[in-house]
Amino acid sequence: MLKIIVPANMDTTLEHMNRAGRPVTFMEGRDFGETAIGDTVIRLRSYDIPIEVEDSCDVGLCGSDWVEEQEERLGINLEILSEYSYGRRFNTSPRLDLVASRDAPFNTIGDLKNGLIILTEHPSITRKF
């Protein structure tokens, strides 16, 4: 049986596992569950999934942004077995948005000057681009 990690706050992942014939049952209040065929399923923050897959689990489901971020940040080297085009909602394409206040003194990325502080969950990807 497999040890699978899934994002804690992404119900679409559990729905896909259900559709694949591996419905997951979690005990109330627990982040550890199992499928009908005996796989162990653990819910974690998406940020931690690539790290845990490399350290101690068979497979994980998480966004490609987190895989890339942890590869850049920590040198983690994962094999992408399959890619799915969904995010927190079905039929949506994940993307990374650079956002600013409507009152900001710039309108395009070209208006940004070196030395600005940008808050991001993905500092390595942001620096790269």
# chains A, B, ... in the order shown; residues from 1 in each chain; ligands from 1
call {"tool": "residues_around", "arguments": {"residues": "region 26-42 of chain A", "least_positions_apart": "5", "cutoff": "8 Å", "atoms": "only C-alpha atoms", "output": "list of chain:residue names"}}
result
A:Met1, A:Leu2, A:Lys3, A:Ile4, A:Ile5, A:Val6, A:Ala8
call {"tool": "write_last_selection", "arguments": {"atoms": "N, CA and C atoms", "output": "PDB file, in the first residue's frame"}}
result
ATOM      1  N   MET A   1       0.827  -1.178   0.000  1.00  0.00           N
ATOM      2  CA  MET A   1       0.000   0.000   0.000  1.00  0.00           C
ATOM      3  C   MET A   1       0.877   1.250   0.000  1.00  0.00           C
ATOM      4  N   LEU A   2       0.300   2.354  -0.449  1.00  0.00           N
ATOM      5  CA  LEU A   2       1.043   3.605  -0.592  1.00  0.00           C
ATOM      6  C   LEU A   2       0.864   4.524   0.611  1.00  0.00           C
ATOM      7  N   LYS A   3       1.849   5.376   0.810  1.00  0.00           N
ATOM      8  CA  LYS A   3       1.745   6.482   1.763  1.00  0.00           C
ATOM      9  C   LYS A   3       1.645   7.738   0.911  1.00  0.00           C
ATOM     10  N   ILE A   4       0.477   8.387   0.925  1.00  0.00           N
ATOM     11  CA  ILE A   4       0.146   9.492   0.030  1.00  0.00           C
ATOM     12  C   ILE A   4      -0.059  10.763   0.842  1.00  0.00           C
ATOM     13  N   ILE A   5       0.523  11.868   0.373  1.00  0.00           N
ATOM     14  CA  ILE A   5       0.298  13.160   1.020  1.00  0.00           C
ATOM     15  C   ILE A   5      -0.568  14.015   0.104  1.00  0.00           C
ATOM     16  N   VAL A   6      -1.576  14.663   0.685  1.00  0.00           N
ATOM     17  CA  VAL A   6      -2.466  15.537  -0.071  1.00  0.00           C
ATOM     18  C   VAL A   6      -2.534  16.897   0.623  1.00  0.00           C
ATOM     19  N   ALA A   8      -3.890  19.931   2.628  1.00  0.00           N
ATOM     20  CA  ALA A   8      -4.878  19.981   3.707  1.00  0.00           C
ATOM     21  C   ALA A   8      -6.123  20.774   3.331  1.00  0.00           C
TER      22      ALA A   8
END
call {"tool": "closest_atom_pairs", "arguments": {"of": "region 9-113 of chain A", "to": "region 120-125 of chain A", "cutoff": "8 Å", "atoms": "only C-alpha atoms", "output": "CSV"}}
result
residue,atom,partner,partner_atom,distance
A:Asp65,CA,A:His122,CA,7.7
A:Trp66,CA,A:His122,CA,7.7
A:Glu68,CA,A:Ile125,CA,7.2
A:Glu69,CA,A:Ser124,CA,5.8
A:Glu72,CA,A:Ser124,CA,5.9
A:Arg73,CA,A:Ser124,CA,6.0
call {"tool": "write_last_selection", "arguments": {"atoms": "N, CA, C and O atoms", "output": "tab-separated table (two decimals), in the first residue's frame"}}
result
chain	number	residue	atom	x	y	z
A	65	ASP	N	3.72	24.85	-8.52
A	65	ASP	CA	4.43	26.00	-7.96
A	65	ASP	C	5.22	25.59	-6.72
A	65	ASP	O	6.35	26.02	-6.53
A	66	TRP	N	4.65	24.73	-5.88
A	66	TRP	CA	5.37	24.29	-4.68
A	66	TRP	C	6.51	23.34	-5.01
A	66	TRP	O	7.55	23.35	-4.35
A	68	GLU	N	8.30	23.47	-7.77
A	68	GLU	CA	9.37	24.34	-8.28
A	68	GLU	C	10.01	25.16	-7.17
A	68	GLU	O	11.24	25.30	-7.12
A	69	GLU	N	9.19	25.68	-6.27
A	69	GLU	CA	9.73	26.50	-5.17
A	69	GLU	C	10.69	25.68	-4.31
A	69	GLU	O	11.79	26.14	-3.98
A	72	GLU	N	13.98	24.92	-6.09
A	72	GLU	CA	14.86	26.09	-6.12
A	72	GLU	C	15.44	26.39	-4.73
A	72	GLU	O	16.61	26.67	-4.59
A	73	ARG	N	14.59	26.33	-3.72
A	73	ARG	CA	14.98	26.73	-2.37
A	73	ARG	C	15.87	25.70	-1.68
A	73	ARG	O	16.87	26.05	-1.06
call {"tool": "select_by_dssp", "arguments": {"residues": "chain A", "states": "helix (DSSP H, G or I)", "output": "PyMOL selection string"}}
result
chain A and resi 11-19+46-55+64-74+109-111+123-128
call {"tool": "atom_distance", "arguments": {"atom1": "CA of Arg45 (chain A)", "atom2": "CA of Asn9 (chain A)"}}
result
7.6 Å
call {"tool": "atom_distance", "arguments": {"atom1": "CA of Met10 (chain A)", "atom2": "CA of Lys128 (chain A)"}}
result
26.8 Å
